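Trainee: Take a look at protein-v1.pdb, PDB, C-alpha atoms:
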```
ATOM      1  CA  PRO A 428      -6.861  17.029  14.841  1.00  0.00           C
ATOM      2  CA  VAL A 429      -4.897  13.981  13.783  1.00  0.00           C
ATOM      3  CA  ALA A 430      -1.123  14.389  13.871  1.00  0.00           C
ATOM      4  CA  ARG A 431       0.403  13.167  10.613  1.00  0.00           C
ATOM      5  CA  ASP A 432       3.870  13.762   9.275  1.00  0.00           C
ATOM      6  CA  LEU A 433       3.915  13.692   5.444  1.00  0.00           C
ATOM      7  CA  LEU A 434       6.910  11.850   3.984  1.00  0.00           C
ATOM      8  CA  ASP A 435       9.000  14.083   1.757  1.00  0.00           C
ATOM      9  CA  GLY A 436       7.973  13.766  -1.894  1.00  0.00           C
ATOM     10  CA  PHE A 437       4.594  12.077  -1.314  1.00  0.00           C
ATOM     11  CA  GLY A 438       0.981  13.207  -1.119  1.00  0.00           C
ATOM     12  CA  GLU A 439      -1.929  11.915   0.931  1.00  0.00           C
ATOM     13  CA  VAL A 440      -5.415  10.659   0.108  1.00  0.00           C
ATOM     14  CA  ALA A 441      -8.440   9.365   1.985  1.00  0.00           C
ATOM     15  CA  ILE A 442      -9.510   5.775   1.443  1.00  0.00           C
ATOM     16  CA  ALA A 443     -12.380   3.648   2.693  1.00  0.00           C
ATOM     17  CA  ILE A 444     -12.066  -0.093   3.217  1.00  0.00           C
ATOM     18  CA  THR A 445     -15.220  -2.190   3.283  1.00  0.00           C
ATOM     19  CA  ALA A 446     -14.614  -5.361   5.281  1.00  0.00           C
ATOM     20  CA  PRO A 447     -16.177  -8.685   4.270  1.00  0.00           C
ATOM     21  CA  ASP A 448     -18.851  -8.129   6.970  1.00  0.00           C
ATOM     22  CA  GLY A 449     -19.814  -4.758   5.420  1.00  0.00           C
ATOM     23  CA  THR A 450     -18.113  -2.560   8.026  1.00  0.00           C
ATOM     24  CA  VAL A 451     -16.596   0.540   6.402  1.00  0.00           C
ATOM     25  CA  THR A 452     -13.528   2.200   7.887  1.00  0.00           C
ATOM     26  CA  GLY A 453     -11.858   5.369   6.643  1.00  0.00           C
ATOM     27  CA  TRP A 454      -8.101   5.913   6.618  1.00  0.00           C
ATOM     28  CA  CYS A 455      -5.600   8.500   5.513  1.00  0.00           C
ATOM     29  CA  VAL A 456      -2.708   7.047   3.529  1.00  0.00           C
ATOM     30  CA  LEU A 457       0.362   8.297   1.748  1.00  0.00           C
ATOM     31  CA  VAL A 458      -0.063   8.208  -2.015  1.00  0.00           C
ATOM     32  CA  ALA A 459       2.489   7.245  -4.653  1.00  0.00           C
ATOM     33  CA  ALA A 460       1.023   8.071  -8.065  1.00  0.00           C
ATOM     34  CA  ARG A 461       4.079   9.033 -10.138  1.00  0.00           C
ATOM     35  CA  PRO A 462       6.660   6.490 -11.340  1.00  0.00           C
ATOM     36  CA  GLU A 463       9.431   7.913  -9.158  1.00  0.00           C
ATOM     37  CA  GLN A 464       7.164   7.794  -6.087  1.00  0.00           C
ATOM     38  CA  ARG A 465       6.141   4.211  -6.817  1.00  0.00           C
ATOM     39  CA  ALA A 466       9.802   3.212  -7.292  1.00  0.00           C
ATOM     40  CA  ARG A 467      10.723   4.714  -3.896  1.00  0.00           C
ATOM     41  CA  GLY A 468       7.708   3.489  -1.942  1.00  0.00           C
ATOM     42  CA  LEU A 469       8.448   2.748   1.696  1.00  0.00           C
ATOM     43  CA  MET A 470      12.179   2.158   1.280  1.00  0.00           C
ATOM     44  CA  GLU A 471      14.081   3.173   4.430  1.00  0.00           C
ATOM     45  CA  VAL A 472      10.815   4.057   6.241  1.00  0.00           C
ATOM     46  CA  THR A 473      10.539   2.909   9.849  1.00  0.00           C
ATOM     47  CA  ASP A 474       7.626   5.154  10.908  1.00  0.00           C
ATOM     48  CA  LEU A 475       4.573   5.992   8.771  1.00  0.00           C
ATOM     49  CA  GLY A 476       4.123   9.287  10.626  1.00  0.00           C
ATOM     50  CA  GLY A 477       0.488   8.674  11.557  1.00  0.00           C
ATOM     51  CA  TYR A 478      -0.601   7.317   8.170  1.00  0.00           C
ATOM     52  CA  ALA A 479      -2.236   3.886   7.861  1.00  0.00           C
ATOM     53  CA  GLY A 480      -0.074   2.903   4.884  1.00  0.00           C
ATOM     54  CA  MET A 481       0.876   3.842   1.334  1.00  0.00           C
ATOM     55  CA  LEU A 482      -1.390   3.595  -1.709  1.00  0.00           C
ATOM     56  CA  PHE A 483       0.267   3.038  -5.093  1.00  0.00           C
ATOM     57  CA  VAL A 484      -1.939   4.392  -7.885  1.00  0.00           C
ATOM     58  CA  TYR A 485      -1.734   3.480 -11.584  1.00  0.00           C
ATOM     59  CA  ASP A 486      -3.427   5.163 -14.554  1.00  0.00           C
ATOM     60  CA  ASP A 487      -3.912   1.810 -16.292  1.00  0.00           C
ATOM     61  CA  ASP A 488      -4.138  -1.776 -15.134  1.00  0.00           C
ATOM     62  CA  ALA A 489      -0.785  -3.129 -13.965  1.00  0.00           C
ATOM     63  CA  THR A 490       0.455  -6.664 -13.333  1.00  0.00           C
ATOM     64  CA  GLY A 491       3.965  -6.173 -11.951  1.00  0.00           C
ATOM     65  CA  GLY A 492       5.178  -7.493  -8.631  1.00  0.00           C
ATOM     66  CA  TYR A 493       6.574  -5.638  -5.635  1.00  0.00           C
ATOM     67  CA  TYR A 494       9.790  -6.190  -3.725  1.00  0.00           C
ATOM     68  CA  MET A 495      11.050  -5.088  -0.332  1.00  0.00           C
ATOM     69  CA  ARG A 496      14.621  -4.062  -1.104  1.00  0.00           C
ATOM     70  CA  ASN A 497      15.886  -1.645   1.557  1.00  0.00           C
ATOM     71  CA  THR A 498      12.495  -1.773   3.309  1.00  0.00           C
ATOM     72  CA  PRO A 499      12.905  -2.377   7.061  1.00  0.00           C
ATOM     73  CA  MET A 500       9.315  -3.003   8.201  1.00  0.00           C
ATOM     74  CA  PRO A 501       7.231  -6.101   7.425  1.00  0.00           C
ATOM     75  CA  LEU A 502       4.306  -5.146   5.194  1.00  0.00           C
ATOM     76  CA  ARG A 503       1.110  -6.634   3.857  1.00  0.00           C
ATOM     77  CA  ILE A 504       0.167  -5.589   0.355  1.00  0.00           C
ATOM     78  CA  GLY A 505      -3.309  -5.724  -1.097  1.00  0.00           C
ATOM     79  CA  TRP A 506      -3.780  -5.289  -4.837  1.00  0.00           C
ATOM     80  CA  PHE A 507      -7.159  -3.887  -5.921  1.00  0.00           C
ATOM     81  CA  THR A 508      -8.909  -3.451  -9.283  1.00  0.00           C
ATOM     82  CA  ALA A 509     -10.112  -0.081 -10.590  1.00  0.00           C
ATOM     83  CA  GLU A 510     -13.554  -1.025  -9.209  1.00  0.00           C
ATOM     84  CA  GLY A 511     -12.084  -1.634  -5.740  1.00  0.00           C
ATOM     85  CA  ASP A 512     -12.235  -5.438  -5.711  1.00  0.00           C
ATOM     86  CA  LEU A 513      -9.377  -7.176  -3.926  1.00  0.00           C
ATOM     87  CA  VAL A 514      -7.176  -9.211  -6.275  1.00  0.00           C
ATOM     88  CA  THR A 515      -4.672 -10.680  -3.788  1.00  0.00           C
ATOM     89  CA  THR A 516      -2.889 -10.004  -0.518  1.00  0.00           C
ATOM     90  CA  ARG A 517       0.677 -10.999   0.312  1.00  0.00           C
ATOM     91  CA  ASP A 518       2.763 -10.651   3.453  1.00  0.00           C
ATOM     92  CA  MET A 519       6.164  -9.231   2.532  1.00  0.00           C
ATOM     93  CA  ALA A 520       9.251  -9.657   4.708  1.00  0.00           C
ATOM     94  CA  PRO A 521      11.838  -6.901   5.179  1.00  0.00           C
ATOM     95  CA  CYS A 522      14.895  -7.142   2.963  1.00  0.00           C
ATOM     96  CA  ASP A 523      18.256  -5.402   3.156  1.00  0.00           C
ATOM     97  CA  ASP A 524      19.732  -3.341   0.332  1.00  0.00           C
ATOM     98  CA  VAL A 525      20.694  -6.444  -1.673  1.00  0.00           C
ATOM     99  CA  ALA A 526      19.930  -7.585  -5.208  1.00  0.00           C
ATOM    100  CA  ASP A 527      18.253 -10.907  -4.377  1.00  0.00           C
ATOM    101  CA  CYS A 528      15.170  -9.718  -2.465  1.00  0.00           C
ATOM    102  CA  PRO A 529      12.086 -11.763  -3.379  1.00  0.00           C
ATOM    103  CA  THR A 530       9.381 -10.282  -5.583  1.00  0.00           C
ATOM    104  CA  TYR A 531       5.747 -10.658  -4.547  1.00  0.00           C
ATOM    105  CA  HIS A 532       3.210 -11.005  -7.355  1.00  0.00           C
ATOM    106  CA  PRO A 533      -0.564 -10.498  -7.465  1.00  0.00           C
ATOM    107  CA  ASP A 534      -2.905 -13.091  -8.963  1.00  0.00           C
ATOM    108  CA  GLY A 535      -4.166 -10.674 -11.618  1.00  0.00           C
ATOM    109  CA  ALA A 536      -4.258  -7.111 -12.927  1.00  0.00           C
ATOM    110  CA  TYR A 537      -4.700  -4.241 -10.498  1.00  0.00           C
ATOM    111  CA  ARG A 538      -5.039  -0.447 -10.455  1.00  0.00           C
ATOM    112  CA  PHE A 539      -4.177   0.141  -6.779  1.00  0.00           C
ATOM    113  CA  ALA A 540      -1.709  -1.468  -4.392  1.00  0.00           C
ATOM    114  CA  LEU A 541      -2.035  -0.726  -0.685  1.00  0.00           C
ATOM    115  CA  GLU A 542       0.895  -1.435   1.636  1.00  0.00           C
ATOM    116  CA  VAL A 543       0.312  -1.419   5.385  1.00  0.00           C
ATOM    117  CA  PRO A 544       2.431  -2.654   8.303  1.00  0.00           C
ATOM    118  CA  SER A 545       1.790  -6.398   8.678  1.00  0.00           C
ATOM    119  CA  ALA A 546       0.825  -5.976  12.331  1.00  0.00           C
ATOM    120  CA  GLU A 547      -1.900  -3.466  11.321  1.00  0.00           C
ATOM    121  CA  ALA A 548      -3.275  -5.298   8.260  1.00  0.00           C
ATOM    122  CA  ARG A 549      -6.347  -6.777   9.940  1.00  0.00           C
ATOM    123  CA  ARG A 550      -7.206  -3.505  11.730  1.00  0.00           C
ATOM    124  CA  VAL A 551      -6.862  -1.480   8.527  1.00  0.00           C
ATOM    125  CA  GLY A 552      -8.833  -4.092   6.578  1.00  0.00           C
ATOM    126  CA  VAL A 553      -6.302  -5.487   4.118  1.00  0.00           C
ATOM    127  CA  VAL A 554      -7.841  -8.964   4.256  1.00  0.00           C
ATOM    128  CA  GLU A 555      -9.440 -11.339   1.754  1.00  0.00           C
ATOM    129  CA  GLY A 556     -12.869 -10.107   0.734  1.00  0.00           C
ATOM    130  CA  SER A 557     -12.220  -6.397   1.410  1.00  0.00           C
ATOM    131  CA  ARG A 558     -13.088  -3.618  -1.030  1.00  0.00           C
ATOM    132  CA  LEU A 559     -11.312  -0.291  -1.544  1.00  0.00           C
ATOM    133  CA  ALA A 560     -12.679   3.161  -2.366  1.00  0.00           C
ATOM    134  CA  VAL A 561     -10.240   5.999  -3.013  1.00  0.00           C
ATOM    135  CA  GLY A 562     -10.743   9.732  -3.009  1.00  0.00           C
ATOM    136  CA  GLY A 563     -11.033  12.939  -1.140  1.00  0.00           C
ATOM    137  CA  ALA A 564      -9.007  14.847   1.383  1.00  0.00           C
ATOM    138  CA  CYS A 565      -7.903  13.336   4.651  1.00  0.00           C
ATOM    139  CA  ALA A 566      -9.793  14.526   7.721  1.00  0.00           C
ATOM    140  CA  ALA A 567      -7.902  16.979   9.893  1.00  0.00           C
TER     141      ALA A 567
END
```
Write out the structure in this file as structure tokens.
Mentor:
Amino acid sequence: PVARDLLDGFGEVAIAITAPDGTVTGWCVLVAARPEQRARGLMEVTDLGGYAGMLFVYDDDATGGYYMRNTPMPLRIGWFTAEGDLVTTRDMAPCDDVADCPTYHPDGAYRFALEVPSAEARRVGVVEGSRLAVGGACAA
């Protein structure tokens, strides 16, 4: 069994990333699907507790940017369409609890945003040309 420690207030979901070369890798990620979960995100998180990252889920297409206020670990974000196509990736630098943290914007509308530690982005598959599939329970 995989040891994972669920962050208080969040759920988990299985995802599959298809790399540009066609390799498919499955991951278990934290999921933020409600507005209050999306607003909190990975603020103050220094350890993902065995999860590959956090998936932000929207009911409709979104276009808003993300910021790193009060987020201590460097992250890469990948924005994906409802069909799983990658829109954009951005590397996001940690920012203290200050008002002038930069905002990172996608190049188009998205339905999912996946944040992973920058150092793990290539291993997880958050790279140009990747595709995302979401659904199902995480393996034990």
Trainee: Can you translate the PyMOL selection byres ((chain A and resi 559) around 9) into the concrete residues it hits in this file, as a tab-separated table (two decimals) with C-alpha atoms, in the coordinates of the input?
Mentor:
```
chain	number	residue	atom	x	y	z
A	442	ILE	CA	-9.51	5.78	1.44
A	443	ALA	CA	-12.38	3.65	2.69
A	444	ILE	CA	-12.07	-0.09	3.22
A	445	THR	CA	-15.22	-2.19	3.28
A	507	PHE	CA	-7.16	-3.89	-5.92
A	508	THR	CA	-8.91	-3.45	-9.28
A	510	GLU	CA	-13.55	-1.02	-9.21
A	511	GLY	CA	-12.08	-1.63	-5.74
A	512	ASP	CA	-12.24	-5.44	-5.71
A	513	LEU	CA	-9.38	-7.18	-3.93
A	539	PHE	CA	-4.18	0.14	-6.78
A	557	SER	CA	-12.22	-6.40	1.41
A	558	ARG	CA	-13.09	-3.62	-1.03
A	560	ALA	CA	-12.68	3.16	-2.37
A	561	VAL	CA	-10.24	6.00	-3.01
```
Trainee: Go through the shown structure with the PyMOL selection byres ((chain A and resi 460) around 8) and write out the matching residues as a ChimeraX atom specification.
Mentor: /A:458-459,461-462,464-465,483-485
Trainee: Find the residues near A:Leu541: any atom within 9 Å, counting only C-alpha atoms, skip ones fewer than 4 places away on the same chain, and give them as a short mmCIF file (atom, residue, chain, number, x, y, z; two decimals) with C-alpha atoms, in the frame of the given file.
Mentor:
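Here's the written file part_13.cif:
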```
data_model
loop_
_atom_site.label_atom_id
_atom_site.label_comp_id
_atom_site.auth_asym_id
_atom_site.auth_seq_id
_atom_site.Cartn_x
_atom_site.Cartn_y
_atom_site.Cartn_z
CA VAL A 456 -2.71 7.05 3.53
CA GLY A 480 -0.07 2.90 4.88
CA MET A 481 0.88 3.84 1.33
CA LEU A 482 -1.39 3.60 -1.71
CA PHE A 483 0.27 3.04 -5.09
CA VAL A 484 -1.94 4.39 -7.88
CA ARG A 503 1.11 -6.63 3.86
CA ILE A 504 0.17 -5.59 0.36
CA GLY A 505 -3.31 -5.72 -1.10
CA TRP A 506 -3.78 -5.29 -4.84
CA PHE A 507 -7.16 -3.89 -5.92
CA VAL A 553 -6.30 -5.49 4.12
#
```
Trainee: Report the residues retrieved by the PyMOL selection byres ((chain A and resi 522) around 7) from the displayed file, expressed as a PyMOL selection string.
Mentor: chain A and resi 495-499+520-521+523-524+528
Trainee: Residues within 10 Å of (2.3, -13.2, -7.1), file coordinates, counting all atoms listed in the file: what are they? Give the list as a count of residues only.
Mentor: 13
